[in-house]
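Q: Handing you this structure, nothing more for now.
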Amino acid sequence: MAIATHNERLRHHFDTAEQQEESSTLGMWVFLLTEIMFFGGMFGAYTVYRNMYPDAFASTSRFMNITLGAINTVVLITSSLTMALAVRSAQLGVKRALILFLVLTLLLGCIFLGVKVVEYHEKWVDHHIPGPGFRYDDARYFRQAQILFFLYFAMTGMHALHMIIGAGLLATLIIMARRDRFSAAWHTPVEMIGLYWHFVDIVWIFLFPLLYLIGRTR
Amino acid sequence: MSTIFEQPRVEAPANYLNVDYGWKSWLFTTDHKRIALLYLFSITAFFMVGGAFAVAMRINLASPRGVFSADTYNKLFTMHGIIMVFFFLVPSIPAVLGNFLIPIMIGARDLAFPRINLLSWYIYIVGGIFALWAAFDGGVDTGWTFYAPYSTTYSNTHVILTAMGVFVAGFSSILTGLNFIVTIHKMRAPGMTWMRLPLFVWAHYATALIQVLGTPVIAITLVLLALERILHAGIFDPAVGGDPILFQHLFWFYSHPAVYIMILPGMGVMSELVTCFSRKGIFGYSFVAFSSIAIAVVGFFVWGHHLFVAGQSMYAGTVFSLLSFIVAVPSAIKVFNWTATMYRGSISFDTPMLYAFGFIGLFTIGGLTGLILATMALDVHLTDTYFVIAHFHYVMVGGMVMAYLGGIHFWFPKITGRMYPELWAKFAALVVFVGFNLTFFPQFLLGYLGMPRRYYSYPEEFQVLHVMSSAGASILGVGYVIPLIYLAWAWRKGPRAPQNPWDAKGLEWEKAPSPPPTFNFDTLPIVTEPAYNYSGEPEKEEPLAGEQRGDRHA
Amino acid sequence: MGELSPFPVRASAAAGEVDALYFFIVAVSTIMTALIFFVVLSFAIKYRRRSPDERPRPIHGSIPLEITWSVIPFGIMLIMFGWGTKLYFELYTPPKNALDVYVTGKQWMWKVNYPEGQREINELHVPTGRAIRVTLASEDVIHSFFIPAFRTKHDVIPGQYVAIWFQPTKPGRYHLFCAEYCGTQHSTMGGWVTVMEPADYEAWLAGTERGASMVEEGAKLFQQFGCANCHVLNLTARCPPLGNVYGNPVKLEDGRTVIADEAYLRESILNPNAKIVAGYKRDVMPSFQGQVSEEGLLQLIAYIKSLSNPNERRP
Amino acid sequence: MTRHIVPVRTYVSVYAVLIALTATTVAVSRIDLGEFNFIVAMTIAVIKAVLVIMFFMHVREASALTKLFAGAGFFWMAILIVFTLSDYLSRGWLPLGQWWR
Ligand code: HEA
Ligand code: HEA
Ligand code: CUA
Ligand SMILES: [Cu+2]
């Protein structure tokens, strides 16, 4: 492929475009490693409390809206697909398809966030937001439930924050793509943000069963 | 497939320092060497602030009834610990010497992500501003460990602000580590195989792994802490059903490995110093190299040794104790290999080597007292006493700060192009050594006698040893101020340094001028011999297979 | 104590053992340190640079040596580990027939309750020659109960009981410290432990003003909180009888068996659904979390303990 | 560049499997399997994650180094969780005064 013509993309301290791209990919994976550990702290806390208060946990999971959660899972997985296709279009250098798939991904991301807002609103109406206003009908589990809702909000909140950042990045990509910044030879940002987006998807793949599904039958 | 990128050959300015002037050329630089200097000045400032807090603490402790109020003292040690750990020692060697040297040592023009490198300095400064703001606007009094539920519910100081400072600074550390990992993997010069890397680079690779794997956990822990402080939902608060020990687990999951962030780079410096001033290759290269990785990895499995009396299960404690002993083995391997390197060497007593001697001695004492603490029955008596204080100052100040000073002296000619006054430097090294031992040795005795830490006043029978310690601290303080003065002087007025004043091996000495030009080398080096080839003997083995070479195809 | 001794007073049975272990490790460490110093210094002198262009011959390393200096130190460390672990379990495993004392930490004082009803603040009186078991609780933050002369210490964690023990051997007055940072007056949260000969101790107990004993107080609370409505002695229908519960194994609904210690009783009161006794229903007993104070809990537990005869098994 | 371009079919079939697995995990959550609910849900989640990592994130074709780093993250998270949990799970093991003496 024609790389030599794209030397303006090569930053001064690299020797070859290949080296530059490998560096970006490795850098992105190392970054995702830190993201895993970042969420890992919360998954650790979750595991401890779920193990400590299984009954309370079962009780709170009844208040999670499975339908919305499942819809969101589908939405997010679909957005992962469109993202993967966006990356593919970038690899092939098809600008229109790239923009189309990026816009679709962004759209799905926004739908996800919208559904999340609905869910948060439900929690707000039910007084399930931890803090002074917290209420829980089952007095036996009041305290434990609050911890579990705290974890629910911390985990989904951090996830949503990542989604918002991801949406911002997607918007930037769309602008860049429209300005013809990408080509089949150079589209590293699309690949990197793609990796990030899939990672955020994976976090949700774990959050969904952990927060919504397990313990429901108790 | 690859293509060679034509490096534009402009009339090269003399070096990275005089290539451009004005504050913009510094604040917007992406040159790793200039960023290293930005770090150098900022961490020195933080060291002075942290040191000033230490001075105030030692003044207070000279009298059994204390000089300041209890509240002031509590804020002093908290801010001392936080600033020294997160804003001085964690970035010290990596962000200054590592930043400056790693690209040169592996034969690269810069780190893989120069703009991220600059960004990490800005992030560090923002974090530092948060911390200083908290410190000077009333302070914070939780101890650097932020234990819940005191920090979440009871303290009414700037806990959130400080936690955010540490949180932000953490990202700076993460980005530095990320940059190092990618650079070491992808930017090595042709011929620079893994087994030819200087041990300084190996040590930084291990450090970077810890930074990347550990720091995010403290970040999220501090976020949870701050949220809990706002909401009181009880995640760490037993009054509401939470478990305070969970906080300790999460905190030490980072903070124990972090102590290895605070020693491994020093060990890397040591390997450079010992070989250079013995004029001899390192004894057991691969053992020294892999022991760094072993420390970084096993260092993640031992955090529970901070919780032996905290209510952790005794069985978990047993496992953590055993693993703490295991992690000591690679440290021992390093100490023995440095010693063996000196055997039949040609040892000179330049200032950096004096610091290296200091490191070996003091780190050994600090490490062995770590073993005493890892012995559970003894930790029951010793935890939260001055014995712990003495232990970690021996490793952190006696180990890492000594290595840092040794490294600064060693690479000063490279960084500034000037020589420092040798006589003053030797004198200062001696003062630091004496002052250090006088400050911290009495604290071992205090600790076993039962003097608890974080006490602003104490029973009178402990006063003698405390006064000794305070006296030592004033000597130590002088010992730190002297280098500051003569190094500042030498930077402007010192005699010009040749490219390789120590007759040392390594690309930074052999291939890069002092000070180096912006892209480090006039012509890109190709490596043909192992590290520390002081005798100049030809390499026996065949050069390693293709992909084991430097990943850079030139 | 000699003024210059590096060891604090040894006033408990464990102190000597801890000191012996400490002495051993310090001796090993000193030998190792001296050895390393000696070798480093003698190399430094012997192989000092004599002419500026010396080029020593390279020595690449030696695998047998590397193995030697990893395995031998590790062997020594295993001794430290084994000895330290054994002693640790002894330090933290109270014997069965120990004398009970209850201590509650609170910013910034130690409240001491004796079973017979005496109370003190920042003072603890104990006799020689008997194992003393201290049950620790905290009303606010984490504290740490530290008596250097006994070489013992444990964090006092809110929401949890910790029992430590010691056997005083030497009459005298010793420091009691709070070793975990707990706020502004952490440094002054301490007091004294007075060790007395058993006879003196009895005299002291008799001469000290006492309120109702902990068991009596606990019995009162047992009525007051309505526990007695359900837990009628020997009526097994709705609730388990509380006679001979303490110290005995309890079979749980989920098949596990636990020993009913203080922590179990505490949990049963504060969070009854956490462990359901086999044959009974969950959700019958209400939680008393937030209603009973730490001291009240200790008294309730003392009362329940008084219903147990150590020599009898549960019916 | 030498990068291999994955056919759309692959992406779409992976997507179909992911959706099917989502449906399965929701369905299974309605059946009471005791502790197995947890195991089933987590197994499905892990399979989904691996699919995303391997196909969408191109780790299948990536270098050994990338694979190593991708694996390391999950391994380290496991360390965090397992070691922390080892404390909580073994806390009750020591009955009063009956062990050791
Ligand atoms: C640079 C920092 C650093 C380093 C390198 C270390 C290294 C070690 N530390 Fe330290 N430690 C701290 C910084 C550090 N520590 C800090 C800051 C705290 C307190 C935090 C707080 O509470 O505020 C602490 C606290 C601390 C505790 C908890 C104390 C307590 O609060 O109760 C323990 C317990 O196990 C411990 C153990 C160890 C061990 C086993 C090592 C080992 O890695 C040491 C290994 C080295 C050697 C052993 C020496 C060389 C070996 C030889 C020469 C071989 C000869 C040996 C034999 C024959 C046996 N440390
Ligand atoms: C990297 C880490 C690092 C470093 C370098 C130091 C350096 C020093 N530390 Fe620090 N220390 C910690 C990390 C560090 N410390 C930590 C983590 C804690 C635990 C905190 C906690 O419990 O939460 C601690 C706690 C701690 C205590 C225990 C407090 C207590 O528990 O009550 C003491 C007491 O002596 C102490 C002393 C010193 C001294 C004398 C120095 C000396 O080496 C400092 C020498 C430096 C100077 C003297 C500065 C030179 C500059 C000047 C002289 C200019 C001065 C200007 C003015 C006075 C205006 N430290
Ligand atoms: Cu109570 Cu310190
Ligand atoms: Cu540690």
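In the structure tokens, the first chain shown is A, the next is B, and so on; residue numbers restart at 1 for each chain, and ligands run from 1 in the order shown.
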Hey, list the chain C side of the contact with chain A: 8 Å cut-off, only C-alpha atoms, answer as number ranges by chain.

A: C: 274, 283, 286-287

Q: Chain D residues within 6 Å of chain B, counting only C-alpha atoms: which ones, as a PDB file with N, CA and C atoms, in the first residue's frame?

A:
ATOM      1  N   ASP D  87      -9.464 -13.149  51.994  1.00  0.00           N
ATOM      2  CA  ASP D  87      -9.599 -12.654  53.360  1.00  0.00           C
ATOM      3  C   ASP D  87     -11.025 -12.860  53.851  1.00  0.00           C
ATOM      4  N   SER D  90     -12.142 -16.508  54.478  1.00  0.00           N
ATOM      5  CA  SER D  90     -11.516 -17.306  55.529  1.00  0.00           C
ATOM      6  C   SER D  90     -11.651 -16.650  56.894  1.00  0.00           C
ATOM      7  N   ARG D  91     -12.407 -15.563  56.990  1.00  0.00           N
ATOM      8  CA  ARG D  91     -12.496 -14.891  58.289  1.00  0.00           C
ATOM      9  C   ARG D  91     -13.144 -15.743  59.354  1.00  0.00           C
TER      10      ARG D  91
END

Q: Compute the chain A side of the contact with chain D at 7 Å, counting only C-alpha atoms, and hand it back as a PyMOL selection string.

A: chain A and resi 1+26+29-30+33+36-37+40+44+48+74+81+84+88+185+195+198+202+205-206+209+213-214+216-217

Q: What residues in chain C lie within 10 Å of chain D, counting only C-alpha atoms, written as a list in words?

A: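 Listed by rising number, the hits are Lys86, Phe89, Glu90, Tyr92, Thr93, Pro94, Pro95, Lys96, Asn97, Ala163, Gly247, Pro249, Val258, Ile259, Ala260, Asp261, Glu262, Ala263 and Tyr264 of chain C.
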
Q: May I have the residues within 6 Å of ligand 3, computed using only C-alpha atoms and all ligand atoms, as a ChimeraX atom specification?

A: /C:107-108,143,178-182,186,189

Q: Using C-alpha atoms, can you write the selected residues to a file as a PDB file, in the first residue's frame?

A:
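Result file follows (out.pdb):
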ATOM      1  CA  GLN C 107     -12.794   9.172  70.209  1.00  0.00           C
ATOM      2  CA  TRP C 108     -10.635   9.591  72.339  1.00  0.00           C
ATOM      3  CA  HIS C 143      -8.645   2.507  66.968  1.00  0.00           C
ATOM      4  CA  CYS C 178      -4.122   3.858  70.795  1.00  0.00           C
ATOM      5  CA  ALA C 179      -1.989   2.922  67.844  1.00  0.00           C
ATOM      6  CA  GLU C 180      -4.290   3.537  64.900  1.00  0.00           C
ATOM      7  CA  TYR C 181      -4.704   7.136  63.911  1.00  0.00           C
ATOM      8  CA  CYS C 182      -8.214   8.150  64.920  1.00  0.00           C
ATOM      9  CA  HIS C 186      -5.188  10.251  68.848  1.00  0.00           C
ATOM     10  CA  MET C 189      -6.057   8.338  73.688  1.00  0.00           C
TER      11      MET C 189
END

Q: Select the residues contacting ligand 4 at a distance of at most 8 Å, based on only C-alpha atoms and all ligand atoms, then format the selection as number ranges by chain.

A: B: 252, 255-257, 259, 302-306

Q: With N, CA and C atoms retained, write the just-selected residues as a PDB file, in the first residue's frame.

A:
ATOM      1  N   TRP B 252      -4.188  -0.653  49.729  1.00  0.00           N
ATOM      2  CA  TRP B 252      -2.865  -1.278  49.695  1.00  0.00           C
ATOM      3  C   TRP B 252      -2.647  -2.095  48.433  1.00  0.00           C
ATOM      4  N   SER B 255      -0.946   0.619  47.030  1.00  0.00           N
ATOM      5  CA  SER B 255       0.119   1.299  47.758  1.00  0.00           C
ATOM      6  C   SER B 255       1.253   0.373  48.137  1.00  0.00           C
ATOM      7  N   HIS B 256       1.007  -0.928  48.252  1.00  0.00           N
ATOM      8  CA  HIS B 256       2.210  -1.728  48.394  1.00  0.00           C
ATOM      9  C   HIS B 256       3.008  -1.779  47.096  1.00  0.00           C
ATOM     10  N   PRO B 257       2.415  -2.189  45.977  1.00  0.00           N
ATOM     11  CA  PRO B 257       3.211  -2.130  44.739  1.00  0.00           C
ATOM     12  C   PRO B 257       3.837  -0.753  44.532  1.00  0.00           C
ATOM     13  N   VAL B 259       5.234   1.059  46.647  1.00  0.00           N
ATOM     14  CA  VAL B 259       6.545   1.201  47.278  1.00  0.00           C
ATOM     15  C   VAL B 259       7.623   0.634  46.360  1.00  0.00           C
ATOM     16  N   VAL B 302       1.307  -9.096  47.897  1.00  0.00           N
ATOM     17  CA  VAL B 302       1.718  -9.084  49.302  1.00  0.00           C
ATOM     18  C   VAL B 302       1.034  -7.992  50.111  1.00  0.00           C
ATOM     19  N   TRP B 303       0.068  -7.286  49.522  1.00  0.00           N
ATOM     20  CA  TRP B 303      -0.390  -6.069  50.182  1.00  0.00           C
ATOM     21  C   TRP B 303      -0.959  -6.323  51.579  1.00  0.00           C
ATOM     22  N   GLY B 304      -1.462  -7.549  51.779  1.00  0.00           N
ATOM     23  CA  GLY B 304      -2.077  -7.828  53.072  1.00  0.00           C
ATOM     24  C   GLY B 304      -1.133  -7.729  54.251  1.00  0.00           C
ATOM     25  N   HIS B 305       0.187  -7.586  54.008  1.00  0.00           N
ATOM     26  CA  HIS B 305       1.069  -7.474  55.181  1.00  0.00           C
ATOM     27  C   HIS B 305       0.907  -6.135  55.892  1.00  0.00           C
ATOM     28  N   HIS B 306       0.104  -5.252  55.337  1.00  0.00           N
ATOM     29  CA  HIS B 306      -0.214  -4.026  56.076  1.00  0.00           C
ATOM     30  C   HIS B 306      -1.434  -4.221  56.976  1.00  0.00           C
TER      31      HIS B 306
END

Q: Compute the chain A side of the contact with chain B at 6 Å, counting only C-alpha atoms, and hand it back as JSON, numbers by chain.

A: {"A": [13, 15, 16, 27, 34, 37, 38, 41, 130, 131, 143, 146, 147]}

Q: Write out as a list in words the residues lying within 6 Å of Phe112 in chain A, counting only C-alpha atoms and excluding same-chain residues fewer than 3 positions away.

A: Asn72, Gly109 and Val115 of chain A

Q: Define the interface residues of chain C facing chain B as those within 7 Å, counting only C-alpha atoms, and report them as number ranges by chain.

A: C: 6-8, 18, 22, 25, 29, 33, 37, 40, 43-44, 47-49, 54-62, 69-70, 74, 77, 80-81, 84-85, 87-88, 141, 148, 151-155, 158-159, 179-182, 184-187
